[in-house]
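Peer 1: Dropping in structure20.cif, which is mmCIF, C-alpha atoms:
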```
data_target
#
loop_
_atom_site.group_PDB
_atom_site.id
_atom_site.type_symbol
_atom_site.label_atom_id
_atom_site.label_comp_id
_atom_site.auth_asym_id
_atom_site.auth_seq_id
_atom_site.Cartn_x
_atom_site.Cartn_y
_atom_site.Cartn_z
ATOM 1 C CA MET A 1118 -19.851 -29.929 5.154
ATOM 2 C CA THR A 1119 -23.515 -29.517 5.671
ATOM 3 C CA GLY A 1120 -25.765 -27.803 3.175
ATOM 4 C CA SER A 1121 -26.511 -24.858 5.459
ATOM 5 C CA ARG A 1122 -22.805 -24.231 6.039
ATOM 6 C CA ILE A 1123 -22.154 -24.167 2.294
ATOM 7 C CA LEU A 1124 -25.031 -21.721 1.794
ATOM 8 C CA HIS A 1125 -23.647 -19.549 4.589
ATOM 9 C CA LEU A 1126 -20.198 -19.474 2.958
ATOM 10 C CA LEU A 1127 -21.711 -18.660 -0.439
ATOM 11 C CA ALA A 1128 -23.687 -15.813 1.126
ATOM 12 C CA VAL A 1129 -20.529 -14.407 2.705
ATOM 13 C CA VAL A 1130 -18.689 -14.559 -0.628
ATOM 14 C CA LEU A 1131 -21.639 -12.943 -2.430
ATOM 15 C CA VAL A 1132 -21.845 -10.090 0.083
ATOM 16 C CA GLY A 1133 -18.084 -9.539 -0.178
ATOM 17 C CA TRP A 1134 -18.308 -9.469 -3.957
ATOM 18 C CA CYS A 1135 -21.213 -6.982 -3.886
ATOM 19 C CA VAL A 1136 -19.408 -4.631 -1.497
ATOM 20 C CA THR A 1137 -16.199 -4.793 -3.548
ATOM 21 C CA TYR A 1138 -18.068 -4.159 -6.793
ATOM 22 C CA ALA A 1139 -19.982 -1.236 -5.303
ATOM 23 C CA LEU A 1140 -16.821 0.379 -3.940
ATOM 24 C CA ARG A 1141 -15.040 0.049 -7.269
ATOM 25 C CA ALA A 1142 -18.024 1.402 -9.221
ATOM 26 C CA LEU A 1143 -18.618 4.352 -6.894
ATOM 27 C CA PRO A 1144 -16.024 6.728 -8.444
ATOM 28 C CA PHE A 1145 -17.467 6.144 -11.908
ATOM 29 C CA VAL A 1146 -20.952 6.894 -10.656
ATOM 30 C CA LEU A 1147 -19.855 10.023 -8.780
ATOM 31 C CA PHE A 1148 -17.710 11.582 -11.498
ATOM 32 C CA SER A 1149 -19.321 10.424 -14.746
ATOM 33 C CA ARG A 1150 -21.987 13.134 -15.020
ATOM 34 C CA LYS A 1151 -19.529 15.999 -15.332
ATOM 35 C CA ALA A 1152 -17.200 16.737 -18.216
ATOM 36 C CA ARG A 1153 -14.836 13.954 -17.096
ATOM 37 C CA GLU A 1154 -12.949 16.462 -14.970
ATOM 38 C CA LEU A 1155 -12.028 15.510 -11.444
ATOM 39 C CA PRO A 1156 -12.680 17.963 -8.630
ATOM 40 C CA PRO A 1157 -9.556 19.731 -7.340
ATOM 41 C CA TRP A 1158 -9.698 17.960 -3.986
ATOM 42 C CA VAL A 1159 -9.458 14.565 -5.686
ATOM 43 C CA GLY A 1160 -6.311 15.691 -7.500
ATOM 44 C CA ARG A 1161 -4.761 16.903 -4.236
ATOM 45 C CA LEU A 1162 -5.741 13.672 -2.543
ATOM 46 C CA GLY A 1163 -4.129 11.675 -5.340
ATOM 47 C CA VAL A 1164 -0.865 13.565 -4.875
ATOM 48 C CA LEU A 1165 -0.846 13.262 -1.085
ATOM 49 C CA ILE A 1166 -2.088 9.746 -0.458
ATOM 50 C CA SER A 1167 0.993 7.814 -1.649
ATOM 51 C CA PRO A 1168 3.526 9.664 0.543
ATOM 52 C CA VAL A 1169 1.187 9.436 3.533
ATOM 53 C CA ILE A 1170 0.741 5.684 3.100
ATOM 54 C CA ILE A 1171 4.502 5.213 2.721
ATOM 55 C CA ALA A 1172 5.107 7.299 5.864
ATOM 56 C CA PHE A 1173 2.659 5.166 7.841
ATOM 57 C CA LEU A 1174 4.324 1.983 6.575
ATOM 58 C CA ILE A 1175 7.750 3.279 7.569
ATOM 59 C CA VAL A 1176 6.593 4.229 11.054
ATOM 60 C CA TYR A 1177 4.865 0.874 11.486
ATOM 61 C CA SER A 1178 7.849 -1.090 10.171
ATOM 62 C CA TYR A 1179 10.433 0.645 12.323
ATOM 63 C CA SER A 1180 8.324 0.956 15.491
ATOM 64 C CA SER A 1181 8.986 -2.597 16.678
ATOM 65 C CA LEU A 1182 12.697 -2.721 15.823
ATOM 66 C CA GLU A 1183 15.404 -2.759 18.437
ATOM 67 C CA TRP A 1184 18.807 -1.178 17.938
ATOM 68 C CA ARG A 1185 20.613 -4.532 17.867
ATOM 69 C CA THR A 1186 21.686 -4.255 14.238
ATOM 70 C CA LEU A 1187 21.965 -1.507 11.656
ATOM 71 C CA SER A 1188 20.744 -3.630 8.740
ATOM 72 C CA PRO A 1189 17.170 -2.306 8.551
ATOM 73 C CA TYR A 1190 18.301 1.277 8.976
ATOM 74 C CA LEU A 1191 20.977 1.038 6.275
ATOM 75 C CA ALA A 1192 18.493 -0.573 3.887
ATOM 76 C CA GLY A 1193 15.931 2.110 4.675
ATOM 77 C CA LEU A 1194 18.516 4.839 4.133
ATOM 78 C CA LEU A 1195 19.457 3.340 0.765
ATOM 79 C CA THR A 1196 15.802 3.075 -0.241
ATOM 80 C CA VAL A 1197 15.019 6.684 0.685
ATOM 81 C CA SER A 1198 18.238 7.967 -0.906
ATOM 82 C CA LEU A 1199 17.607 6.190 -4.193
ATOM 83 C CA GLN A 1200 14.029 7.407 -4.233
ATOM 84 C CA MET A 1201 15.142 11.005 -3.679
ATOM 85 C CA ILE A 1202 17.898 10.793 -6.312
ATOM 86 C CA ARG A 1203 16.350 8.606 -9.021
ATOM 87 C CA GLY A 1204 12.621 8.847 -8.301
ATOM 88 C CA ASN A 1205 12.071 5.226 -9.333
ATOM 89 C CA PRO A 1206 10.075 3.339 -6.676
ATOM 90 C CA LEU A 1207 10.797 -0.096 -8.150
ATOM 91 C CA LEU A 1208 14.546 0.503 -8.157
ATOM 92 C CA SER A 1209 14.441 1.899 -4.614
ATOM 93 C CA ILE A 1210 12.428 -0.979 -3.182
ATOM 94 C CA VAL A 1211 14.414 -3.699 -4.951
ATOM 95 C CA ALA A 1212 17.772 -2.194 -3.980
ATOM 96 C CA GLY A 1213 16.732 -1.657 -0.362
ATOM 97 C CA THR A 1214 15.367 -5.180 -0.089
ATOM 98 C CA ALA A 1215 18.473 -6.671 -1.718
ATOM 99 C CA LEU A 1216 20.767 -4.769 0.667
ATOM 100 C CA TYR A 1217 18.711 -5.798 3.677
ATOM 101 C CA MET A 1218 18.680 -9.462 2.682
ATOM 102 C CA THR A 1219 22.415 -9.386 1.928
ATOM 103 C CA LEU A 1220 23.200 -7.820 5.310
ATOM 104 C CA LEU A 1221 20.882 -10.270 7.016
ATOM 105 C CA ARG A 1222 22.598 -13.284 5.442
ATOM 106 C CA CYS A 1223 26.157 -11.989 5.944
ATOM 107 C CA ALA A 1224 25.785 -10.752 9.515
#
```
Translate the structure of the given file into structure tokens.

Peer 2:
Amino acid sequence: MTGSRILHLLAVVLVGWCVTYALRALPFVLFSRKARELPPWVGRLGVLISPVIIAFLIVYSYSSLEWRTLSPYLAGLLTVSLQMIRGNPLLSIVAGTALYMTLLRCA
């Protein structure tokens, strides 16, 4: 590697680090002056963002599937059912993944 290429790569890493640091520090800068209370819209956003992200992931994951096998749909149904009943994301994801992998290996 030439010296200029190494400097270029170091500059890219430094810029990436600076942007990441600034984005992570921004909430502390924005909300530190008040009495440590978050605005109501941040609380609503915190409640809504996880289900919205999960919905997007589900749509993306199932959009390219063909109806050749029921394995992904059964695993998804188990995952959603366990999440609705137990409310434990780790249990839901692990059980859904285990069922999907089992059906994939057995079918």

Peer 1: Between CA of Pro1189 in chain A and CA of Ile1175 in chain A, what is the distance in Å, rounded to a tenth?

Peer 2: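 That distance, rounded to one decimal, is 11.0 Å.
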
Peer 1: For Leu1208 in chain A, please output as a PDB file with C-alpha atoms, in the frame of the given file all residues within 10 Å (counting only C-alpha atoms; exclusion window: fewer than 5 positions along the same chain).

Peer 2:
```
ATOM      1  CA  THR A1196      15.802   3.075  -0.241  1.00  0.00           C
ATOM      2  CA  LEU A1199      17.607   6.190  -4.193  1.00  0.00           C
ATOM      3  CA  GLN A1200      14.029   7.407  -4.233  1.00  0.00           C
ATOM      4  CA  ARG A1203      16.350   8.606  -9.021  1.00  0.00           C
ATOM      5  CA  GLY A1213      16.732  -1.657  -0.362  1.00  0.00           C
ATOM      6  CA  THR A1214      15.367  -5.180  -0.089  1.00  0.00           C
TER       7      THR A1214
END
```

Peer 1: State, in Å with one decimal place, the distance from CA of Gly1133 in chain A to CA of Phe1148 in chain A.

Peer 2: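 For CA of Gly1133 in chain A relative to CA of Phe1148 in chain A, the distance reads 24.0 Å.
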
Peer 1: I'd like the contact shell of Thr1186 in chain A - 10 Å cut-off, all atoms listed in the file, skipping same-chain residues fewer than 5 positions apart - returned as a list in words.

Peer 2: Leu1191, Leu1220, Leu1221 and Ala1224 of chain A

Peer 1: Would you mind exporting C-alpha atoms of the selected residues as an mmCIF file, in the frame of the given file?

Peer 2:
```cif
data_model
loop_
_atom_site.group_PDB
_atom_site.id
_atom_site.type_symbol
_atom_site.label_atom_id
_atom_site.label_comp_id
_atom_site.auth_asym_id
_atom_site.auth_seq_id
_atom_site.Cartn_x
_atom_site.Cartn_y
_atom_site.Cartn_z
ATOM 1 C CA LEU A 1191 20.977 1.038 6.275
ATOM 2 C CA LEU A 1220 23.200 -7.820 5.310
ATOM 3 C CA LEU A 1221 20.882 -10.270 7.016
ATOM 4 C CA ALA A 1224 25.785 -10.752 9.515
#
```

Peer 1: Figure out the distance between CA of Ser1181 in chain A and CA of Ser1209 in chain A, please, to one decimal in Å.

Peer 2: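 Computed distance, CA of Ser1209 in chain A to CA of Ser1181 in chain A, equals 22.4 Å.
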
Peer 1: Which residue is closest to Pro1168 in chain A? Choose from A:Leu1124, A:Pro1206, A:Pro1144, A:Thr1137 and count all atoms listed in the file.

Peer 2: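 Distance minimum relative to Pro1168 in chain A lands on A:Pro1206.
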
Peer 1: Taking the file as I've supplied it (selection: the PyMOL selection byres ((chain A and resi 1217) around 10)), which residues are included? Please answer as a compact mmCIF listing (two decimals) with C-alpha atoms, in the coordinates of the input.

Peer 2:
```txt
# COMPACT_ATOMS: atom_id res chain seq x y z
CA LEU A 1187 21.96 -1.51 11.66
CA SER A 1188 20.74 -3.63 8.74
CA PRO A 1189 17.17 -2.31 8.55
CA TYR A 1190 18.30 1.28 8.98
CA LEU A 1191 20.98 1.04 6.28
CA ALA A 1192 18.49 -0.57 3.89
CA GLY A 1193 15.93 2.11 4.68
CA LEU A 1195 19.46 3.34 0.76
CA VAL A 1211 14.41 -3.70 -4.95
CA ALA A 1212 17.77 -2.19 -3.98
CA GLY A 1213 16.73 -1.66 -0.36
CA THR A 1214 15.37 -5.18 -0.09
CA ALA A 1215 18.47 -6.67 -1.72
CA LEU A 1216 20.77 -4.77 0.67
CA MET A 1218 18.68 -9.46 2.68
CA THR A 1219 22.42 -9.39 1.93
CA LEU A 1220 23.20 -7.82 5.31
CA LEU A 1221 20.88 -10.27 7.02
CA ARG A 1222 22.60 -13.28 5.44
CA CYS A 1223 26.16 -11.99 5.94
```

Peer 1: Could you rebuild range 1126-1148 of chain A with N, CA, C and O atoms and give me the result as a compact mmCIF listing (two decimals), in the coordinates of the input?

Peer 2:
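The resulting file, rebuild29.txt, is shown below:
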```
# COMPACT_ATOMS: atom_id res chain seq x y z
N LEU A 1126 -21.46 -19.90 3.58
CA LEU A 1126 -20.20 -19.47 2.96
C LEU A 1126 -20.44 -18.78 1.62
O LEU A 1126 -19.80 -17.78 1.29
N LEU A 1127 -21.37 -19.30 0.83
CA LEU A 1127 -21.71 -18.66 -0.44
C LEU A 1127 -22.30 -17.28 -0.22
O LEU A 1127 -22.01 -16.34 -0.97
N ALA A 1128 -23.11 -17.12 0.81
CA ALA A 1128 -23.69 -15.81 1.13
C ALA A 1128 -22.61 -14.82 1.53
O ALA A 1128 -22.63 -13.66 1.12
N VAL A 1129 -21.63 -15.28 2.30
CA VAL A 1129 -20.53 -14.41 2.70
C VAL A 1129 -19.72 -13.96 1.49
O VAL A 1129 -19.38 -12.79 1.34
N VAL A 1130 -19.44 -14.90 0.59
CA VAL A 1130 -18.69 -14.56 -0.63
C VAL A 1130 -19.49 -13.59 -1.50
O VAL A 1130 -18.95 -12.63 -2.03
N LEU A 1131 -20.79 -13.82 -1.62
CA LEU A 1131 -21.64 -12.94 -2.43
C LEU A 1131 -21.69 -11.53 -1.85
O LEU A 1131 -21.58 -10.55 -2.59
N VAL A 1132 -21.83 -11.41 -0.55
CA VAL A 1132 -21.84 -10.09 0.08
C VAL A 1132 -20.50 -9.39 -0.11
O VAL A 1132 -20.44 -8.20 -0.43
N GLY A 1133 -19.41 -10.13 0.05
CA GLY A 1133 -18.08 -9.54 -0.18
C GLY A 1133 -17.91 -9.06 -1.60
O GLY A 1133 -17.37 -7.99 -1.85
N TRP A 1134 -18.40 -9.86 -2.55
CA TRP A 1134 -18.31 -9.47 -3.96
C TRP A 1134 -19.13 -8.21 -4.22
O TRP A 1134 -18.67 -7.31 -4.91
N CYS A 1135 -20.34 -8.15 -3.67
CA CYS A 1135 -21.21 -6.98 -3.89
C CYS A 1135 -20.59 -5.71 -3.31
O CYS A 1135 -20.62 -4.65 -3.94
N VAL A 1136 -20.04 -5.80 -2.12
CA VAL A 1136 -19.41 -4.63 -1.50
C VAL A 1136 -18.20 -4.19 -2.31
O VAL A 1136 -18.01 -3.00 -2.58
N THR A 1137 -17.37 -5.13 -2.74
CA THR A 1137 -16.20 -4.79 -3.55
C THR A 1137 -16.60 -4.15 -4.87
O THR A 1137 -16.04 -3.12 -5.28
N TYR A 1138 -17.60 -4.71 -5.53
CA TYR A 1138 -18.07 -4.16 -6.79
C TYR A 1138 -18.62 -2.75 -6.61
O TYR A 1138 -18.33 -1.85 -7.40
N ALA A 1139 -19.40 -2.56 -5.56
CA ALA A 1139 -19.98 -1.24 -5.30
C ALA A 1139 -18.90 -0.20 -5.02
O ALA A 1139 -18.96 0.93 -5.51
N LEU A 1140 -17.89 -0.57 -4.25
CA LEU A 1140 -16.82 0.38 -3.94
C LEU A 1140 -15.99 0.73 -5.17
O LEU A 1140 -15.54 1.86 -5.33
N ARG A 1141 -15.80 -0.22 -6.05
CA ARG A 1141 -15.04 0.05 -7.27
C ARG A 1141 -15.85 0.84 -8.29
O ARG A 1141 -15.30 1.58 -9.09
N ALA A 1142 -17.17 0.68 -8.28
CA ALA A 1142 -18.02 1.40 -9.22
C ALA A 1142 -18.36 2.80 -8.74
O ALA A 1142 -18.73 3.67 -9.55
N LEU A 1143 -18.23 3.06 -7.47
CA LEU A 1143 -18.62 4.35 -6.89
C LEU A 1143 -17.94 5.55 -7.55
O LEU A 1143 -18.62 6.53 -7.88
N PRO A 1144 -16.63 5.56 -7.79
CA PRO A 1144 -16.02 6.73 -8.44
C PRO A 1144 -16.59 7.00 -9.83
O PRO A 1144 -16.77 8.15 -10.22
N PHE A 1145 -16.90 5.95 -10.57
CA PHE A 1145 -17.47 6.14 -11.91
C PHE A 1145 -18.86 6.75 -11.83
O PHE A 1145 -19.24 7.57 -12.65
N VAL A 1146 -19.61 6.35 -10.84
CA VAL A 1146 -20.95 6.89 -10.66
C VAL A 1146 -20.87 8.36 -10.21
O VAL A 1146 -21.62 9.21 -10.70
N LEU A 1147 -19.95 8.66 -9.31
CA LEU A 1147 -19.86 10.02 -8.78
C LEU A 1147 -19.34 11.02 -9.81
O LEU A 1147 -19.79 12.17 -9.84
N PHE A 1148 -18.39 10.63 -10.63
CA PHE A 1148 -17.71 11.58 -11.50
C PHE A 1148 -18.06 11.43 -12.98
O PHE A 1148 -17.45 12.08 -13.82
```
